[in-house]
$ cat run-v3.tsv   # TSV, C-alpha atoms and all ligand atoms
chain	number	residue	atom	x	y	z
A	169	MET	CA	5.39	-4.92	-1.08
A	170	ARG	CA	7.14	-7.69	-2.97
A	171	VAL	CA	5.94	-11.22	-3.69
A	172	ALA	CA	7.54	-12.72	-0.60
A	173	GLU	CA	5.60	-10.32	1.58
A	174	ALA	CA	2.35	-10.21	-0.40
A	175	ILE	CA	0.98	-13.12	1.53
A	176	ALA	CA	-2.26	-11.83	2.90
A	177	LEU	CA	-3.09	-9.04	0.49
A	178	ARG	CA	-5.65	-10.72	-1.74
A	179	LEU	CA	-7.10	-8.93	-4.71
A	180	THR	CA	-8.15	-12.06	-6.55
A	181	ASP	CA	-11.14	-11.47	-8.83
A	182	ALA	CA	-10.80	-7.69	-8.44
A	183	HIS	CA	-10.87	-5.70	-11.65
A	184	ILE	CA	-8.83	-2.56	-11.15
A	185	VAL	CA	-8.52	0.24	-13.66
A	186	LEU	CA	-5.19	1.96	-13.07
A	187	GLY	CA	-5.16	5.52	-14.43
A	188	VAL	CA	-1.62	6.77	-15.04
A	189	THR	CA	-0.88	10.44	-15.71
A	190	GLY	CA	2.17	12.41	-16.80
A	191	SER	CA	4.25	12.93	-13.69
A	192	ILE	CA	7.90	12.38	-12.93
A	193	ALA	CA	6.53	9.56	-10.73
A	194	THR	CA	4.89	7.82	-13.70
A	195	TYR	CA	7.58	5.12	-13.64
A	196	LYS	CA	6.47	4.12	-10.14
A	197	ALA	CA	3.10	3.12	-11.56
A	198	VAL	CA	4.84	0.23	-13.34
A	199	GLY	CA	5.83	-1.25	-9.97
A	200	LEU	CA	2.36	-0.57	-8.64
A	201	ALA	CA	0.73	-2.36	-11.59
A	202	SER	CA	3.05	-5.30	-11.03
A	203	ALA	CA	2.20	-5.50	-7.31
A	204	LEU	CA	-1.54	-5.40	-8.09
A	205	VAL	CA	-1.17	-8.20	-10.63
A	206	GLN	CA	0.89	-10.26	-8.15
A	207	ALA	CA	-1.87	-9.79	-5.56
A	208	GLY	CA	-4.28	-11.41	-8.02
A	209	ALA	CA	-6.04	-8.42	-9.58
A	210	THR	CA	-6.94	-7.98	-13.23
A	211	VAL	CA	-5.46	-4.61	-14.13
A	212	ASP	CA	-6.47	-2.45	-17.07
A	213	VAL	CA	-4.20	0.54	-17.51
A	214	ILE	CA	-5.38	3.83	-18.98
A	215	MET	CA	-2.59	6.31	-19.70
A	216	THR	CA	-2.90	9.97	-20.54
A	217	GLU	CA	-0.91	11.28	-23.52
A	218	ALA	CA	1.47	12.98	-21.09
A	219	ALA	CA	2.03	9.69	-19.25
A	220	THR	CA	3.10	8.03	-22.50
A	221	ARG	CA	5.82	10.71	-22.80
A	222	MET	CA	7.26	9.45	-19.51
A	223	VAL	CA	6.88	5.65	-19.82
A	224	GLN	CA	6.09	3.47	-22.81
A	225	PRO	CA	2.64	1.76	-22.73
A	226	LEU	CA	4.47	-1.45	-23.59
A	227	SER	CA	5.88	-1.62	-20.05
A	228	PHE	CA	2.38	-1.77	-18.57
A	229	GLN	CA	1.20	-4.16	-21.27
A	230	ALA	CA	4.04	-6.57	-20.50
A	231	ILE	CA	3.21	-6.52	-16.79
A	232	THR	CA	-0.58	-6.66	-16.94
A	233	HIS	CA	-0.76	-8.93	-20.01
A	234	ARG	CA	-3.57	-6.72	-21.24
A	235	PRO	CA	-3.79	-3.95	-23.83
A	236	VAL	CA	-3.05	-0.47	-22.53
A	237	HIS	CA	-5.62	2.19	-23.34
A	238	VAL	CA	-4.61	5.68	-24.37
A	239	ASP	CA	-6.59	6.93	-27.33
A	240	MET	CA	-10.32	7.41	-26.85
A	241	PHE	CA	-10.71	7.90	-30.60
A	242	ALA	CA	-8.70	4.90	-31.83
A	243	PRO	CA	-10.62	3.27	-34.72
A	244	TRP	CA	-10.93	-0.06	-32.89
A	245	ALA	CA	-11.78	1.46	-29.53
A	246	GLU	CA	-15.57	1.36	-29.66
A	247	THR	CA	-15.73	-2.21	-30.94
A	248	ASP	CA	-13.48	-3.56	-28.21
A	249	ILE	CA	-13.55	-1.32	-25.14
A	250	GLY	CA	-16.05	1.51	-25.42
A	251	HIS	CA	-15.16	4.90	-23.96
A	252	VAL	CA	-17.23	4.20	-20.84
A	253	THR	CA	-16.92	0.41	-20.66
A	254	LEU	CA	-13.86	0.25	-18.40
A	255	GLY	CA	-15.44	2.61	-15.91
A	256	ARG	CA	-18.58	0.50	-15.74
A	257	GLN	CA	-16.69	-2.80	-15.42
A	258	ALA	CA	-14.16	-1.76	-12.79
A	259	ASP	CA	-14.36	-2.66	-9.10
A	260	LEU	CA	-11.93	0.16	-8.36
A	261	LEU	CA	-10.51	3.11	-10.26
A	262	LEU	CA	-7.06	4.00	-8.98
A	263	VAL	CA	-5.35	7.08	-10.41
A	264	ALA	CA	-1.65	6.93	-9.51
A	265	PRO	CA	0.21	9.11	-9.97
A	266	ALA	CA	-2.35	11.88	-10.44
A	267	THR	CA	-1.02	15.17	-11.82
A	268	ALA	CA	-2.36	18.56	-10.73
A	269	ASN	CA	-3.88	18.77	-14.19
A	270	THR	CA	-5.83	15.48	-13.96
A	271	LEU	CA	-6.82	16.22	-10.36
A	272	ALA	CA	-8.38	19.48	-11.58
A	273	LYS	CA	-10.16	17.76	-14.45
A	274	LEU	CA	-11.58	15.10	-12.13
A	275	ALA	CA	-12.84	17.74	-9.70
A	276	LEU	CA	-14.46	19.73	-12.50
A	277	GLY	CA	-15.95	16.66	-14.15
A	278	LEU	CA	-14.15	17.22	-17.43
A	279	ALA	CA	-14.05	14.33	-19.89
A	280	ASP	CA	-11.48	15.22	-22.52
A	281	ASN	CA	-9.49	11.97	-22.54
A	282	LEU	CA	-10.12	8.28	-21.87
A	283	LEU	CA	-9.09	8.48	-18.20
A	284	THR	CA	-11.29	11.42	-17.26
A	285	THR	CA	-14.21	10.04	-19.30
A	286	THR	CA	-13.81	6.67	-17.55
A	287	ALA	CA	-13.79	8.42	-14.17
A	288	LEU	CA	-17.09	10.12	-14.97
A	289	ALA	CA	-18.64	6.84	-16.06
A	290	ALA	CA	-17.29	4.84	-13.12
A	291	ARG	CA	-19.73	3.42	-10.58
A	292	CYS	CA	-16.98	1.99	-8.37
A	293	PRO	CA	-14.85	3.56	-5.59
A	294	VAL	CA	-12.27	6.01	-6.90
A	295	VAL	CA	-8.83	6.46	-5.32
A	296	VAL	CA	-6.47	9.24	-6.33
A	297	ALA	CA	-2.79	9.41	-5.36
A	298	PRO	CA	-1.41	12.83	-6.38
A	299	ALA	CA	2.25	13.55	-7.11
A	300	MET	CA	3.62	16.99	-7.87
A	301	GLU	CA	5.98	19.73	-6.74
A	302	THR	CA	5.25	21.19	-3.31
A	303	ALA	CA	4.06	24.56	-4.62
A	304	MET	CA	1.60	22.86	-6.98
A	305	TRP	CA	0.25	20.67	-4.16
A	306	HIS	CA	-0.17	23.59	-1.75
A	307	HIS	CA	-1.70	25.85	-4.42
A	308	GLU	CA	-5.17	26.99	-3.46
A	309	ALA	CA	-6.63	25.64	-6.70
A	310	THR	CA	-5.23	22.14	-6.12
A	311	GLN	CA	-6.36	22.07	-2.50
A	312	LYS	CA	-9.87	23.16	-3.51
A	313	HIS	CA	-9.99	20.36	-6.06
A	314	VAL	CA	-8.86	17.86	-3.42
A	315	THR	CA	-11.62	19.04	-1.09
A	316	THR	CA	-14.20	18.79	-3.88
A	317	LEU	CA	-13.14	15.24	-4.69
A	318	ARG	CA	-13.20	14.22	-1.02
A	319	HIS	CA	-16.72	15.58	-0.62
A	320	ARG	CA	-17.69	13.48	-3.61
A	321	GLY	CA	-16.47	10.32	-1.87
A	322	VAL	CA	-13.14	10.01	-3.66
A	323	THR	CA	-10.33	8.63	-1.48
A	324	ILE	CA	-7.24	10.83	-1.68
A	325	ILE	CA	-3.93	9.22	-0.73
A	326	GLU	CA	-1.96	12.31	0.18
A	327	PRO	CA	1.54	12.76	-1.23
A	328	GLU	CA	4.45	12.30	1.13
A	329	ALA	CA	7.33	14.56	2.14
A	330	GLY	CA	10.84	13.91	0.91
A	331	HIS	CA	13.21	14.46	-1.97
A	332	LEU	CA	11.46	15.81	-5.09
A	333	ALA	CA	12.55	15.64	-8.72
A	334	SER	CA	13.48	19.34	-8.65
A	335	GLY	CA	16.06	18.55	-5.98
A	336	ALA	CA	14.03	20.29	-3.29
A	337	GLN	CA	12.71	18.66	-0.14
A	338	GLY	CA	8.99	18.97	0.49
A	339	VAL	CA	5.55	17.44	0.21
A	340	GLY	CA	4.65	16.06	-3.20
A	341	ARG	CA	6.15	12.58	-3.57
A	342	LEU	CA	3.77	9.87	-4.67
A	343	ALA	CA	2.62	7.95	-1.58
A	344	ASP	CA	4.50	4.79	-0.74
A	345	GLU	CA	3.41	1.76	-2.79
A	346	LYS	CA	2.45	-0.17	0.36
A	347	ARG	CA	0.09	2.61	1.38
A	348	ILE	CA	-1.56	2.70	-2.02
A	349	LEU	CA	-1.96	-1.09	-2.10
A	350	ALA	CA	-3.37	-1.25	1.42
A	351	THR	CA	-5.87	1.50	0.63
A	352	ALA	CA	-6.97	-0.28	-2.56
A	353	ALA	CA	-7.25	-3.60	-0.72
A	354	ARG	CA	-9.36	-2.09	2.05
A	355	LEU	CA	-11.77	-0.54	-0.44
A	356	LEU	CA	-12.17	-3.92	-2.14
A	357	THR	CA	-12.65	-5.92	1.07
A	358	PRO	CA	-15.74	-6.12	3.31
A	359	GLN	CA	-14.87	-4.32	6.55
A	360	ASP	CA	-16.24	-7.09	8.76
A	361	LEU	CA	-13.56	-6.55	11.43
A	362	ALA	CA	-14.15	-2.81	11.78
A	363	ASN	CA	-14.13	-1.69	15.42
A	364	ARG	CA	-12.33	-4.90	16.43
A	365	HIS	CA	-8.89	-4.98	18.01
A	366	VAL	CA	-6.82	-7.96	16.90
A	367	VAL	CA	-3.53	-8.82	18.60
A	368	VAL	CA	-1.09	-11.06	16.71
A	369	THR	CA	2.24	-12.51	17.81
A	370	ALA	CA	4.91	-13.34	15.24
A	371	GLY	CA	8.47	-14.52	14.80
A	372	GLY	CA	10.91	-16.61	16.82
A	373	THR	CA	11.94	-15.20	20.17
A	374	ARG	CA	15.61	-14.70	21.07
A	375	GLU	CA	16.88	-15.91	24.44
A	376	PRO	CA	20.17	-14.21	25.29
A	377	ILE	CA	23.22	-16.22	26.34
A	378	ASP	CA	25.37	-13.12	26.72
A	379	PRO	CA	25.23	-9.57	25.26
A	380	VAL	CA	26.00	-10.78	21.71
A	381	ARG	CA	24.75	-14.40	21.51
A	382	PHE	CA	21.27	-15.85	21.78
A	383	VAL	CA	19.26	-19.05	21.31
A	384	SER	CA	16.52	-18.77	18.68
A	385	ASN	CA	14.76	-20.74	15.96
A	386	ALA	CA	14.17	-20.52	12.22
A	387	SER	CA	10.70	-18.94	12.38
A	388	SER	CA	10.31	-16.41	9.57
A	389	GLY	CA	7.38	-14.58	11.14
A	390	ARG	CA	5.49	-14.70	7.85
A	391	MET	CA	2.40	-16.43	9.26
A	392	GLY	CA	1.87	-13.75	11.92
A	393	TYR	CA	2.53	-10.91	9.50
A	394	ALA	CA	0.07	-12.41	7.00
A	395	LEU	CA	-2.60	-12.69	9.71
A	396	ALA	CA	-1.96	-9.10	10.80
A	397	GLU	CA	-2.16	-7.82	7.23
A	398	ALA	CA	-5.37	-9.74	6.52
A	399	ALA	CA	-7.01	-8.44	9.71
A	400	ALA	CA	-6.02	-4.86	8.85
A	401	GLN	CA	-7.36	-5.32	5.31
A	402	ARG	CA	-10.69	-6.33	6.87
A	403	GLY	CA	-10.82	-3.15	8.93
A	404	ALA	CA	-9.43	-4.27	12.30
A	405	ARG	CA	-7.13	-2.26	14.52
A	406	VAL	CA	-4.13	-4.57	14.66
A	407	THR	CA	-1.31	-4.83	17.19
A	408	LEU	CA	1.52	-7.05	15.97
A	409	ILE	CA	3.84	-8.19	18.74
A	410	SER	CA	6.88	-9.32	16.84
A	411	SER	CA	10.37	-10.51	17.51
A	412	VAL	CA	13.11	-9.57	15.06
A	413	THR	CA	12.19	-10.62	11.50
A	414	GLY	CA	13.26	-9.37	8.10
A	415	LEU	CA	9.68	-8.45	7.27
A	416	SER	CA	8.31	-4.94	6.95
A	417	THR	CA	5.31	-4.04	9.05
A	418	PRO	CA	2.07	-4.22	7.05
A	419	PHE	CA	0.56	-0.81	6.40
A	420	GLY	CA	-1.85	0.31	9.12
A	421	VAL	CA	-0.56	-2.23	11.65
A	422	GLU	CA	0.99	-1.15	14.95
A	423	ARG	CA	4.11	-3.22	15.62
A	424	VAL	CA	5.39	-3.79	19.15
A	425	PRO	CA	9.01	-4.98	18.90
A	426	VAL	CA	10.15	-7.62	21.40
A	427	GLU	CA	13.05	-10.06	21.57
A	428	SER	CA	12.74	-12.64	24.35
A	429	ALA	CA	9.79	-14.83	25.39
A	430	ARG	CA	9.54	-12.84	28.61
A	431	GLU	CA	9.26	-9.57	26.68
A	432	MET	CA	6.66	-11.09	24.38
A	433	HIS	CA	4.70	-12.40	27.38
A	434	ALA	CA	4.63	-8.96	28.98
A	435	ALA	CA	3.64	-7.26	25.72
A	436	VAL	CA	0.81	-9.75	25.11
A	437	LEU	CA	-0.58	-9.33	28.64
A	438	GLN	CA	-0.58	-5.58	28.11
A	439	ALA	CA	-2.18	-5.68	24.64
A	440	VAL	CA	-4.94	-8.23	25.35
A	441	GLN	CA	-6.46	-6.05	28.05
A	442	GLU	CA	-8.51	-4.32	25.36
A	443	ALA	CA	-8.38	-6.86	22.54
A	444	ASP	CA	-11.19	-8.84	20.90
A	445	VAL	CA	-8.98	-11.53	19.41
A	446	LEU	CA	-5.49	-12.88	20.15
A	447	LEU	CA	-3.74	-14.85	17.39
A	448	MET	CA	-0.55	-16.51	18.64
A	449	ALA	CA	1.61	-17.30	15.62
A	450	ALA	CA	4.98	-16.65	17.24
A	451	ALA	CA	7.55	-19.42	17.74
A	452	VAL	CA	8.25	-18.86	21.41
A	453	ALA	CA	11.42	-20.44	22.84
A	454	ASP	CA	10.92	-23.52	25.05
A	455	TYR	CA	14.05	-22.83	27.08
A	456	ARG	CA	16.05	-19.84	28.21
A	457	PRO	CA	19.58	-19.87	29.65
A	458	ALA	CA	19.41	-19.85	33.44
A	459	ASN	CA	22.08	-17.15	33.59
A	460	VAL	CA	22.86	-14.52	31.02
A	461	ALA	CA	26.59	-13.84	31.05
A	462	THR	CA	27.62	-10.24	31.44
A	463	PRO	CA	30.92	-8.77	30.15
A	464	GLU	CA	32.01	-8.33	33.77
A	465	ALA	CA	31.45	-12.01	34.57
A	466	GLN	CA	33.42	-13.05	31.48
A	467	GLU	CA	36.28	-10.75	32.42
A	468	ARG	CA	36.44	-12.34	35.91
A	469	ARG	CA	36.98	-15.82	34.36
B	1	LIG	C1	9.54	15.99	-16.68
B	1	LIG	C2	8.18	16.42	-16.26
B	1	LIG	C3	7.70	16.01	-15.01
B	1	LIG	C4	6.44	16.41	-14.58
B	1	LIG	N1	6.01	15.99	-13.36
B	1	LIG	C5	4.80	16.37	-12.92
B	1	LIG	C6	4.33	15.94	-11.66
B	1	LIG	O1	5.01	15.19	-10.93
B	1	LIG	N2	3.12	16.35	-11.26
B	1	LIG	C7	2.33	17.16	-12.02
B	1	LIG	O2	1.22	17.50	-11.58
B	1	LIG	N3	2.74	17.57	-13.25
B	1	LIG	C8	3.93	17.19	-13.72
B	1	LIG	N4	4.36	17.59	-14.95
B	1	LIG	C9	3.45	18.38	-15.79
B	1	LIG	C10	2.42	17.50	-16.46
B	1	LIG	O3	3.05	16.51	-17.24
B	1	LIG	C11	1.48	18.33	-17.32
B	1	LIG	O4	0.71	19.17	-16.48
B	1	LIG	C12	0.58	17.50	-18.19
B	1	LIG	O5	-0.28	18.38	-18.90
B	1	LIG	C13	-0.24	16.51	-17.39
B	1	LIG	O6	-1.12	15.85	-18.24
B	1	LIG	P1	-2.06	14.67	-17.71
B	1	LIG	O7	-2.68	15.15	-16.44
B	1	LIG	O8	-3.07	14.51	-18.80
B	1	LIG	O9	-1.22	13.47	-17.56
B	1	LIG	C14	5.62	17.22	-15.41
B	1	LIG	C15	6.09	17.60	-16.67
B	1	LIG	C16	7.35	17.22	-17.07
B	1	LIG	C17	7.84	17.66	-18.42

$ encode --input "run-v3.tsv" --output "structure tokens" --more "lines below"
Ligand SMILES: Cc1cc2nc3c(=O)[nH]c(=O)nc-3n(C[C@H](O)[C@H](O)[C@H](O)COP(=O)(O)O)c2cc1C
Amino acid sequence: MRVAEAIALRLTDAHIVLGVTGSIATYKAVGLASALVQAGATVDVIMTEAATRMVQPLSFQAITHRPVHVDMFAPWAETDIGHVTLGRQADLLLVAPATANTLAKLALGLADNLLTTTALAARCPVVVAPAMETAMWHHEATQKHVTTLRHRGVTIIEPEAGHLASGAQGVGRLADEKRILATAARLLTPQDLANRHVVVTAGGTREPIDPVRFVSNASSGRMGYALAEAAAQRGARVTLISSVTGLSTPFGVERVPVESAREMHAAVLQAVQEADVLLMAAAVADYRPANVATPEAQERR
């Protein structure tokens, strides 16, 4: 999610500790930190030693405007941020990417670096987004650790399938940034719309003149998408009935694509049958051409 789309996702006043470990996906955590900051969160980054071999702490410092924490035994550490302080202060601990190594340490309750010590001291929700080669992810040891963490209430954002650093295709890629952000936002937001079905319309409809031309308007669709994203963040099941826009569907939202006002009308009537709320933010056309020209009709002229 980029600034233009981060309309509804609100993390203002949230204090997030972002734990970054030594994976080939470590660089993606820089983008993640940036998105969290843009959504309004205060982000404190803790890097493992291995993570600092992949990306310089300075990158995170420049983005979060806060010191990056690596060394639990730094001389100044206990006067400024104690080894358990960040864990106690955080509203959310997000470990992304999480290596197989850190995953194992978290499951076993080890505390041999600042990140794992912080995790043990944390009183807040913990989210872990693993990234590793397929064989490491499927290994019995890793899967047992994942199960242990889940039983302990940790939210695991499973890795996705696709191209891996080794060149192979398989499961192991760090989850998409949108998914990680939406999960973090949900854990930081009261779920007061849980078990509600919200239907939202968005965008300007297109009324065809012929197979290639249409009448439309300048609606961006952003209002409807923001409403849909906010409702999803608050726990609702969301159906977004949208005409063509350049916006990506918010994570966790079901999008029903339509083009004309008639199509939108039909889709709304269908969706509201089991909805609790209908939010109509679409810019529906006031007029439609009486006749839509077909190629055959044009040829006859
Ligand atoms: C180039 C490179 C990429 C790596 N990528 C991963 C990875 O994606 N996932 C993983 O679990 N380990 C990966 N490793 C291995 C970890 O860096 C290693 O297990 C390290 O001890 C992890 O330390 P940490 O968990 O404290 O960050 C990679 C190592 C190298 C050299």

$ residues_around --input "run-v3.tsv" --residues "Arg318 in chain A" --least-positions-apart "2" --cutoff "12 Å" --atoms "all atoms listed in the file" --output "VMD selection string"
chain A and resid 271 274 to 275 293 to 296 311 to 316 320 to 326

$ residues_around --input "run-v3.tsv" --residues "His365 in chain A" --least-positions-apart "3" --cutoff "8 Å" --atoms "all atoms listed in the file" --output "JSON, numbers by chain"
{"A": [404, 405, 406, 407, 442, 443, 444, 445]}

$ residues_near_ligand --input "run-v3.tsv" --ligand "ligand LIG 1 (chain B)" --cutoff "6 Å" --atoms "all atoms listed in the file" --output "tab-separated table (two decimals) with C-alpha atoms, keeping the file's coordinate frame"
chain	number	residue	atom	x	y	z
A	189	THR	CA	-0.88	10.44	-15.71
A	190	GLY	CA	2.17	12.41	-16.80
A	191	SER	CA	4.25	12.93	-13.69
A	192	ILE	CA	7.90	12.38	-12.93
A	193	ALA	CA	6.53	9.56	-10.73
A	216	THR	CA	-2.90	9.97	-20.54
A	218	ALA	CA	1.47	12.98	-21.09
A	219	ALA	CA	2.03	9.69	-19.25
A	267	THR	CA	-1.02	15.17	-11.82
A	268	ALA	CA	-2.36	18.56	-10.73
A	269	ASN	CA	-3.88	18.77	-14.19
A	270	THR	CA	-5.83	15.48	-13.96
A	299	ALA	CA	2.25	13.55	-7.11
A	300	MET	CA	3.62	16.99	-7.87

$ residues_around --input "run-v3.tsv" --residues "Leu342 in chain A" --least-positions-apart "2" --cutoff "7 Å" --atoms "all atoms listed in the file" --output "mmCIF file with C-alpha atoms, keeping the file's coordinate frame"
data_model
loop_
_atom_site.group_PDB
_atom_site.id
_atom_site.type_symbol
_atom_site.label_atom_id
_atom_site.label_comp_id
_atom_site.auth_asym_id
_atom_site.auth_seq_id
_atom_site.Cartn_x
_atom_site.Cartn_y
_atom_site.Cartn_z
ATOM 1 C CA ALA A 193 6.530 9.560 -10.730
ATOM 2 C CA PRO A 265 0.210 9.110 -9.970
ATOM 3 C CA ALA A 297 -2.790 9.410 -5.360
ATOM 4 C CA PRO A 298 -1.410 12.830 -6.380
ATOM 5 C CA ALA A 299 2.250 13.550 -7.110
ATOM 6 C CA PRO A 327 1.540 12.760 -1.230
ATOM 7 C CA GLU A 328 4.450 12.300 1.130
ATOM 8 C CA GLY A 340 4.650 16.060 -3.200
ATOM 9 C CA ASP A 344 4.500 4.790 -0.740
#

$ atom_distance --input "run-v3.tsv" --atom1 "CA of Ala272 in chain A" --atom2 "CA of Ala287 in chain A"
12.6 Å

$ closest_residue --input "run-v3.tsv" --among "A:Ala370, A:Leu282, A:Ile231, A:Val424" --to "Val188 in chain A" --atoms "only C-alpha atoms"
A:Leu282

$ atom_distance --input "run-v3.tsv" --atom1 "CA of Pro379 in chain A" --atom2 "CA of Asn459 in chain A"
11.7 Å

$ residues_around --input "run-v3.tsv" --residues "range 352-355 of chain A" --least-positions-apart "4" --cutoff "7 Å" --atoms "only C-alpha atoms" --output "list in words"
Leu177, Leu179, Ile348, Gln401 and Arg402 of chain A

$ atom_distance --input "run-v3.tsv" --atom1 "CA of Gly414 in chain A" --atom2 "CA of Arg430 in chain A"
21.1 Å

$ residues_around --input "run-v3.tsv" --residues "Ser387 in chain A" --least-positions-apart "2" --cutoff "8 Å" --atoms "all atoms listed in the file" --output "PyMOL selection string"
chain A and resi 371-372+385+389+450-451

$ closest_residue --input "run-v3.tsv" --among "A:Met304, A:Leu204, A:Ala362, A:Ala435" --to "Val339 in chain A" --atoms "all atoms listed in the file"
A:Met304

$ closest_residue --input "run-v3.tsv" --among "A:Thr351, A:Gln337, A:Ser411, A:Asn281" --to "Val368 in chain A" --atoms "all atoms listed in the file"
A:Ser411

$ closest_residue --input "run-v3.tsv" --among "A:His306, A:Ala266, A:Gln257, A:Gly392" --to "Ala197 in chain A" --atoms "all atoms listed in the file"
A:Ala266

$ closest_residue --input "run-v3.tsv" --among "A:Asp360, A:Asp454, A:Asp259, A:Asp212" --to "Gly403 in chain A" --atoms "only C-alpha atoms"
A:Asp360
